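As stored in run.tsv (TSV, C-alpha atoms):
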chain	number	residue	atom	x	y	z
A	934	MET	CA	4.59	41.96	-14.60
A	935	LEU	CA	7.78	44.00	-14.63
A	936	VAL	CA	7.71	46.97	-16.98
A	937	ASN	CA	9.37	50.34	-17.25
A	938	ALA	CA	7.52	53.24	-15.65
A	939	LYS	CA	6.98	55.46	-18.68
A	940	GLU	CA	3.57	54.23	-19.81
A	941	MET	CA	2.03	54.04	-16.34
A	942	LEU	CA	3.11	57.60	-15.55
A	943	ASN	CA	1.99	58.99	-18.90
A	944	LYS	CA	-1.44	57.43	-18.23
A	945	ALA	CA	-1.46	58.94	-14.74
A	946	TYR	CA	-0.59	62.35	-16.15
A	947	GLU	CA	-3.39	62.19	-18.71
A	948	GLY	CA	-5.85	60.74	-16.18
A	949	GLY	CA	-5.13	63.23	-13.42
A	950	TYR	CA	-4.15	60.71	-10.75
A	951	GLY	CA	-0.90	59.70	-9.06
A	952	ILE	CA	1.16	56.51	-9.03
A	953	GLY	CA	2.94	55.68	-5.80
A	954	GLN	CA	6.59	54.84	-5.59
A	955	PHE	CA	6.87	52.80	-2.42
A	956	ASN	CA	10.42	52.11	-1.34
A	957	ILE	CA	11.34	48.58	-0.32
A	958	ASN	CA	13.70	47.60	2.47
A	959	ASN	CA	13.44	43.80	2.62
A	960	LEU	CA	11.35	40.87	1.38
A	961	GLU	CA	8.41	41.59	3.72
A	962	TRP	CA	8.29	45.18	2.51
A	963	THR	CA	8.24	44.09	-1.13
A	964	LYS	CA	5.62	41.40	-0.63
A	965	ALA	CA	3.34	43.75	1.33
A	966	ILE	CA	3.47	46.46	-1.33
A	967	LEU	CA	2.90	44.05	-4.22
A	968	GLU	CA	-0.05	42.37	-2.51
A	969	ALA	CA	-1.67	45.68	-1.54
A	970	CYS	CA	-1.34	47.13	-5.03
A	971	GLN	CA	-2.60	43.92	-6.64
A	972	GLU	CA	-5.69	44.16	-4.41
A	973	LYS	CA	-6.17	47.79	-5.47
A	974	ASN	CA	-5.49	46.95	-9.14
A	975	THR	CA	-3.02	49.79	-9.51
A	976	ALA	CA	0.32	50.03	-11.24
A	977	VAL	CA	3.17	50.54	-8.78
A	978	ILE	CA	6.81	51.57	-8.66
A	979	LEU	CA	9.08	49.75	-6.24
A	980	GLY	CA	11.83	52.18	-5.29
A	981	VAL	CA	15.22	51.02	-4.02
A	982	SER	CA	17.88	53.39	-2.72
A	983	GLU	CA	21.51	52.36	-2.98
A	984	GLY	CA	21.67	52.17	0.81
A	985	ALA	CA	18.74	49.73	0.92
A	986	MET	CA	20.35	47.87	-1.97
A	987	LYS	CA	23.52	47.34	0.03
A	988	TYR	CA	21.52	46.23	3.07
A	989	MET	CA	19.61	43.63	1.05
A	990	GLY	CA	22.73	42.21	-0.60
A	991	GLY	CA	23.15	44.10	-3.86
A	992	PHE	CA	21.60	44.96	-7.21
A	993	ASN	CA	21.32	41.40	-8.49
A	994	THR	CA	19.83	40.08	-5.25
A	995	VAL	CA	17.13	42.76	-5.23
A	996	ALA	CA	16.29	42.31	-8.91
A	997	LYS	CA	15.95	38.54	-8.58
A	998	MET	CA	13.87	38.87	-5.40
A	999	VAL	CA	11.40	41.21	-7.08
A	1000	GLU	CA	11.25	39.06	-10.22
A	1001	GLY	CA	10.60	35.96	-8.10
A	1002	LEU	CA	7.87	37.56	-5.98
A	1003	ASP	CA	6.21	39.02	-9.06
A	1004	LYS	CA	6.01	35.55	-10.57
A	1005	ASP	CA	5.21	33.47	-7.48
A	1006	LEU	CA	2.54	35.85	-6.16
A	1007	ASN	CA	0.88	35.88	-9.61
A	1008	ILE	CA	1.09	39.65	-9.82
A	1009	THR	CA	-0.77	40.91	-12.89
A	1010	ILE	CA	-0.52	44.69	-12.38
A	1011	PRO	CA	2.30	46.69	-14.01
A	1012	VAL	CA	5.31	46.83	-11.67
A	1013	ALA	CA	8.42	48.95	-12.22
A	1014	LEU	CA	11.60	48.17	-10.29
A	1015	HIS	CA	13.18	51.59	-9.91
A	1016	LEU	CA	16.56	52.74	-8.65
A	1017	ASP	CA	15.94	55.69	-6.34
A	1018	HIS	CA	18.46	58.57	-6.22
A	1019	GLY	CA	20.98	56.56	-8.15
A	1020	SER	CA	24.58	57.63	-8.48
A	1021	TYR	CA	26.32	57.62	-11.86
A	1022	ASP	CA	27.94	54.22	-11.17
A	1023	GLY	CA	24.83	52.89	-9.43
A	1024	ALA	CA	22.66	53.72	-12.41
A	1025	LYS	CA	24.91	51.67	-14.67
A	1026	LYS	CA	24.84	48.72	-12.25
A	1027	ALA	CA	21.04	48.83	-12.14
A	1028	LEU	CA	20.91	48.79	-15.94
A	1029	GLU	CA	22.85	45.54	-15.97
A	1030	ALA	CA	21.07	43.89	-13.03
A	1031	GLY	CA	17.57	43.89	-14.50
A	1032	PHE	CA	15.98	47.04	-13.11
A	1033	THR	CA	13.24	48.32	-15.38
A	1034	SER	CA	13.51	51.98	-14.38
A	1035	ILE	CA	16.25	54.15	-12.92
A	1036	MET	CA	16.71	57.55	-11.40
A	1037	PHE	CA	20.01	59.22	-11.98
A	1038	ASP	CA	20.31	61.99	-9.40
A	1039	GLY	CA	22.78	64.53	-10.72
A	1040	SER	CA	21.20	67.44	-8.85
A	1041	HIS	CA	24.26	67.92	-6.64
A	1042	PHE	CA	26.49	68.47	-9.71
A	1043	PRO	CA	26.80	71.76	-11.59
A	1044	ILE	CA	24.01	71.85	-14.18
A	1045	GLU	CA	26.45	71.26	-17.07
A	1046	GLU	CA	27.72	68.06	-15.47
A	1047	ASN	CA	24.19	66.98	-14.53
A	1048	ILE	CA	23.17	67.38	-18.19
A	1049	GLU	CA	26.23	65.55	-19.51
A	1050	LYS	CA	25.81	62.55	-17.22
A	1051	THR	CA	22.02	62.42	-17.54
A	1052	LYS	CA	22.30	62.41	-21.33
A	1053	GLU	CA	24.62	59.40	-21.22
A	1054	ILE	CA	22.36	57.49	-18.82
A	1055	VAL	CA	19.29	58.22	-20.96
A	1056	GLU	CA	21.00	56.81	-24.04
A	1057	LEU	CA	22.16	53.67	-22.23
A	1058	ALA	CA	18.79	53.08	-20.55
A	1059	HIS	CA	16.58	53.69	-23.57
A	1060	ALA	CA	18.65	51.24	-25.57
A	1061	LYS	CA	17.43	48.62	-23.06
A	1062	ASN	CA	13.82	49.93	-22.86
A	1063	ILE	CA	14.42	51.23	-19.33
A	1064	SER	CA	12.75	54.45	-18.18
A	1065	VAL	CA	14.77	57.31	-16.69
A	1066	GLU	CA	14.03	59.85	-13.98
A	1067	ALA	CA	16.34	62.82	-13.54
A	1068	GLU	CA	16.48	65.52	-10.88
A	1069	VAL	CA	16.96	69.28	-10.92
A	1070	GLY	CA	17.15	71.24	-7.68
A	1071	GLY	CA	18.03	69.15	-4.65
A	1072	ILE	CA	15.19	67.67	-2.58
A	1073	GLY	CA	15.42	68.71	1.07
A	1074	GLY	CA	16.80	66.48	3.81
A	1075	GLU	CA	19.18	63.56	3.38
A	1076	GLU	CA	19.03	60.57	1.04
A	1077	ASP	CA	21.91	58.10	1.24
A	1078	GLY	CA	24.38	60.79	2.26
A	1079	VAL	CA	23.25	63.39	-0.29
A	1080	ILE	CA	22.11	66.40	1.75
A	1081	SER	CA	20.03	69.32	0.50
A	1082	ASN	CA	18.11	72.16	2.09
A	1083	GLY	CA	15.25	71.83	-0.35
A	1084	GLU	CA	16.08	74.00	-3.33
A	1085	LEU	CA	13.64	75.45	-5.81
A	1086	ALA	CA	14.52	74.09	-9.23
A	1087	ASP	CA	15.27	76.53	-12.03
A	1088	PRO	CA	12.59	76.09	-14.76
A	1089	LYS	CA	15.17	76.78	-17.50
A	1090	GLU	CA	17.42	74.03	-16.14
A	1091	CYS	CA	14.40	71.72	-15.90
A	1092	LYS	CA	13.74	72.27	-19.61
A	1093	GLN	CA	17.39	71.59	-20.47
A	1094	VAL	CA	17.21	68.24	-18.67
A	1095	ALA	CA	13.73	67.42	-19.98
A	1096	ASP	CA	14.96	67.98	-23.54
A	1097	LEU	CA	17.46	65.15	-23.06
A	1098	GLY	CA	14.56	62.71	-23.37
A	1099	VAL	CA	14.05	61.77	-19.72
A	1100	ASP	CA	10.75	60.02	-19.05
A	1101	PHE	CA	9.85	61.87	-15.85
A	1102	LEU	CA	11.46	64.61	-13.81
A	1103	ALA	CA	12.00	65.29	-10.12
A	1104	ALA	CA	12.21	69.03	-9.54
A	1105	GLY	CA	12.68	70.68	-6.18
A	1106	ILE	CA	9.64	72.71	-5.11
A	1107	GLY	CA	10.41	72.93	-1.41
A	1108	ASN	CA	9.81	69.25	-0.62
A	1109	ILE	CA	11.93	67.39	1.94
A	1110	HIS	CA	12.90	63.77	2.59
A	1111	GLY	CA	11.90	62.33	5.95
A	1112	VAL	CA	9.80	64.00	8.65
A	1113	TYR	CA	8.92	67.63	7.93
A	1114	PRO	CA	9.96	70.27	10.49
A	1115	GLU	CA	7.30	72.39	12.17
A	1116	ASP	CA	8.49	75.55	10.41
A	1117	TRP	CA	8.28	74.03	6.91
A	1118	LYS	CA	6.87	76.58	4.47
A	1119	GLY	CA	5.00	74.13	2.24
A	1120	LEU	CA	5.24	73.37	-1.47
A	1121	ASN	CA	5.92	76.26	-3.81
A	1122	PHE	CA	3.11	75.98	-6.37
A	1123	GLU	CA	4.18	79.07	-8.25
A	1124	ARG	CA	7.48	77.37	-9.04
A	1125	LEU	CA	5.67	74.13	-9.90
A	1126	GLU	CA	3.55	76.00	-12.46
A	1127	GLU	CA	6.67	77.58	-13.97
A	1128	ILE	CA	8.36	74.18	-14.25
A	1129	LYS	CA	5.29	72.59	-15.81
A	1130	GLU	CA	5.11	75.37	-18.39
A	1131	ALA	CA	8.79	74.88	-19.20
A	1132	VAL	CA	8.75	71.09	-19.62
A	1133	GLY	CA	5.32	70.58	-21.16
A	1134	LYS	CA	3.51	67.25	-20.80
A	1135	LEU	CA	6.29	65.54	-18.89
A	1136	PRO	CA	5.22	63.68	-15.73
A	1137	LEU	CA	6.73	65.28	-12.63
A	1138	VAL	CA	7.82	63.54	-9.43
A	1139	LEU	CA	7.14	64.56	-5.84
A	1140	HIS	CA	9.86	63.22	-3.57
A	1141	GLY	CA	9.43	63.35	0.20
A	1142	GLY	CA	5.73	62.50	0.03
A	1143	THR	CA	5.53	61.70	3.75
A	1144	GLY	CA	4.14	64.55	5.79
A	1145	ILE	CA	2.98	66.87	3.00
A	1146	PRO	CA	-0.60	67.98	3.80
A	1147	GLU	CA	-3.13	66.08	1.73
A	1148	GLU	CA	-4.55	69.19	0.09
A	1149	GLN	CA	-1.07	70.11	-1.15
A	1150	VAL	CA	-0.48	66.63	-2.59
A	1151	LYS	CA	-3.82	66.74	-4.41
A	1152	LYS	CA	-3.01	70.21	-5.72
A	1153	ALA	CA	0.36	68.95	-6.97
A	1154	ILE	CA	-1.28	66.00	-8.79
A	1155	GLU	CA	-3.70	68.42	-10.45
A	1156	ARG	CA	-0.68	70.39	-11.70
A	1157	GLY	CA	1.25	67.60	-13.38
A	1158	VAL	CA	2.80	65.55	-10.57
A	1159	SER	CA	2.21	61.91	-11.52
A	1160	LYS	CA	4.61	60.04	-9.22
A	1161	ILE	CA	4.65	60.43	-5.44
A	1162	ASN	CA	7.41	58.81	-3.40
A	1163	ILE	CA	6.57	57.23	-0.05
A	1164	ASN	CA	9.06	55.61	2.32
A	1165	THR	CA	9.14	57.24	5.76
A	1166	GLU	CA	5.43	56.67	6.43
A	1167	CYS	CA	5.79	52.94	5.83
A	1168	GLN	CA	8.85	52.83	8.07
A	1169	ILE	CA	6.97	54.61	10.85
A	1170	VAL	CA	3.91	52.33	10.81
A	1171	PHE	CA	6.13	49.25	10.55
A	1172	THR	CA	8.10	50.32	13.61
A	1173	GLU	CA	4.97	51.21	15.58
A	1174	ALA	CA	3.34	47.85	14.88
A	1175	THR	CA	6.51	45.94	15.74
A	1176	ARG	CA	6.97	47.89	18.97
A	1177	LYS	CA	3.39	47.13	20.00
A	1178	TYR	CA	3.99	43.41	19.40
A	1179	PHE	CA	6.79	43.38	21.94
A	1180	GLU	CA	5.08	45.72	24.40
A	1181	GLU	CA	2.17	43.28	24.51
A	1182	ASN	CA	4.65	40.39	25.08
A	1183	LYS	CA	3.43	38.58	21.97
A	1184	ASP	CA	6.93	37.22	21.50
A	1185	LYS	CA	6.43	35.09	24.64
A	1186	GLU	CA	3.23	33.43	23.40
A	1187	LYS	CA	3.28	30.16	21.39
A	1188	LYS	CA	6.61	30.59	19.64
A	1189	GLY	CA	5.96	34.27	19.21
A	1190	PHE	CA	9.69	34.72	18.78
A	1191	ASP	CA	9.42	33.20	15.29
A	1192	PRO	CA	10.53	35.99	12.89
A	1193	ARG	CA	7.51	35.30	10.71
A	1194	LYS	CA	5.23	36.16	13.62
A	1195	VAL	CA	7.37	39.06	14.79
A	1196	LEU	CA	7.29	40.71	11.37
A	1197	LYS	CA	3.63	40.07	10.57
A	1198	PRO	CA	2.11	43.13	12.36
A	1199	GLY	CA	4.55	45.44	10.57
A	1200	PHE	CA	3.82	43.66	7.29
A	1201	GLU	CA	0.08	44.26	7.71
A	1202	ALA	CA	0.68	47.88	8.73
A	1203	ILE	CA	2.58	48.51	5.48
A	1204	LYS	CA	-0.25	46.97	3.46
A	1205	ASP	CA	-2.78	49.21	5.18
A	1206	LYS	CA	-0.66	52.30	4.54
A	1207	VAL	CA	-0.14	51.43	0.87
A	1208	ARG	CA	-3.86	50.83	0.34
A	1209	GLU	CA	-4.58	54.17	2.01
A	1210	LYS	CA	-2.13	56.00	-0.25
A	1211	VAL	CA	-3.39	54.35	-3.43
A	1212	ASP	CA	-6.92	55.53	-2.60
A	1213	PHE	CA	-5.67	59.02	-1.83
A	1214	PHE	CA	-3.63	59.30	-5.04
A	1215	GLY	CA	-6.67	58.17	-7.05
A	1216	GLY	CA	-4.88	55.16	-8.49
A	1217	GLU	CA	-7.31	52.34	-7.66
A	1218	ASN	CA	-8.17	50.30	-10.78
A	1219	SER	CA	-5.71	52.38	-12.82
A	1220	ALA	CA	-4.16	49.13	-14.09
A	1221	ASP	CA	-7.23	48.75	-16.32
A	1222	LYS	CA	-6.94	52.25	-17.79
Exercise: express the given structure as structure tokens:
Amino acid sequence: MLVNAKEMLNKAYEGGYGIGQFNINNLEWTKAILEACQEKNTAVILGVSEGAMKYMGGFNTVAKMVEGLDKDLNITIPVALHLDHGSYDGAKKALEAGFTSIMFDGSHFPIEENIEKTKEIVELAHAKNISVEAEVGGIGGEEDGVISNGELADPKECKQVADLGVDFLAAGIGNIHGVYPEDWKGLNFERLEEIKEAVGKLPLVLHGGTGIPEEQVKKAIERGVSKININTECQIVFTEATRKYFEENKDKEKKGFDPRKVLKPGFEAIKDKVREKVDFFGGENSADK
């Protein structure tokens, strides 16, 4: 059932576990994530970047696809359809298309402009019972053309944005999108503690979840991170499984060129990865909590 993400993340915060945001890139991706999370009985957030949105056809196409799969697969767990790193215009489009949660990423604006735009989006979204994620301090790497070196968010700025009524907050603590470089310094837990103290009991978001050592992720969850974003890991295992299919010449066996057969190994690899992450985040059976 499609819901906003506020309640599931508040429960995760109070329960000391994490909810995964797994980004979707096509129908197979979406179906694999929904099935895996239904099996694990965990709430889930389906993240969609504007780049993936464009690839799949647009806001309305994605919203209807997710609504249809949720219904036809008899999904009973809470599911939030979430715009990931949304622009100002993209956030408004998602509000109209049927998304149940949005992220407005104003981190690349001066803090005054970030606050002004975030405040407007919060008012528009909450009027429709849609949850809002905001960002302070750019997350490292590149996300749909927005590039950052991985800033450390200013706790005072985090409080200013939190006070606007956002439902959860992404704050830079040295995390990076994509594959982490060998010289990465790790998460800055001192800054995380300062941010948590500034914003109180507000669920925090860890972007760039792929590649962060497990002990650091667990430590972050213990310190108020309730939402962990995963995309790159699913892309990697999907690609590896698909490559293996062709290397073993499966496409030349009994109509192995059928797209449904070609995509199946990658589909199963995503399911395995999602199940693994749900266990690691401690979210199994959280839908009953």
List as a CSV table (one decimal) with C-alpha atoms, keeping the file's coordinate frame the protein and nucleic acid residues near A:Phe1213, meaning an atom at most 9 Å away when only C-alpha atoms are counted, but skip any in the same chain fewer than 6 places from it.
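Output saved as selection-v6.csv:
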chain,number,residue,atom,x,y,z
A,951,GLY,CA,-0.9,59.7,-9.1
A,1147,GLU,CA,-3.1,66.1,1.7
A,1151,LYS,CA,-3.8,66.7,-4.4
Exercise for review: Write out as a ChimeraX atom specification each polymer residue whose atoms come within 9 Å of A:Lys1210, counting only C-alpha atoms; drop sequence neighbours fewer than 5 positions from it.
Suggested key: /A:953,1163,1205,1215-1216
Check your understanding: Do you have the atom CA of A:Ala1153-atom CA of A:Tyr950 distance handy?
Key ->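 Atom CA of A:Ala1153 sits 10.1 Å away from atom CA of A:Tyr950.
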Review point. Atom CA of A:Val1069 to atom CA of A:Glu1045: how many Å, to one decimal?
Key: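 Interatomic distance, atom CA of A:Val1069 to atom CA of A:Glu1045: 11.5 Å.
Interatomic distance, atom CA of A:Ala976 against atom CA of A:Tyr988: 25.9 Å.
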Review point. Nearest to A:Val1150 among A:Leu1120, A:Ala1174, A:Leu1002, A:Met986, with distances taken over only C-alpha atoms: which residue is it?
Key: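 So, comparing all the options, the nearest one is A:Leu1120.
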Practice item. Extract, using only C-alpha atoms, all DNA, RNA and protein residues at most 7 Å from stretch 1008-1016 of chain A, discarding same-chain residues fewer than 5 positions from it, and format them as a PyMOL selection string. Key: chain A and resi 934-938+971+974-982+1003+1027+1032-1036+1220
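With distances restricted to only C-alpha atoms, A:Pro1136 is the closest residue to A:Ala1095 from A:Pro1136, A:Gly1157, A:Gly984, A:Gly1001.
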Exercise for review: Identify the residues within 7 Å of coordinate (2.8, 42.5, 2.9) (same frame as the file), considering all atoms listed in the file, and give the answer as a list in words.
Suggested key: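 Within the cut-off we find Glu961, Trp962, Thr963, Lys964, Ala965, Ile966, Glu968, Phe1200, Glu1201, Ile1203 and Lys1204 of chain A.
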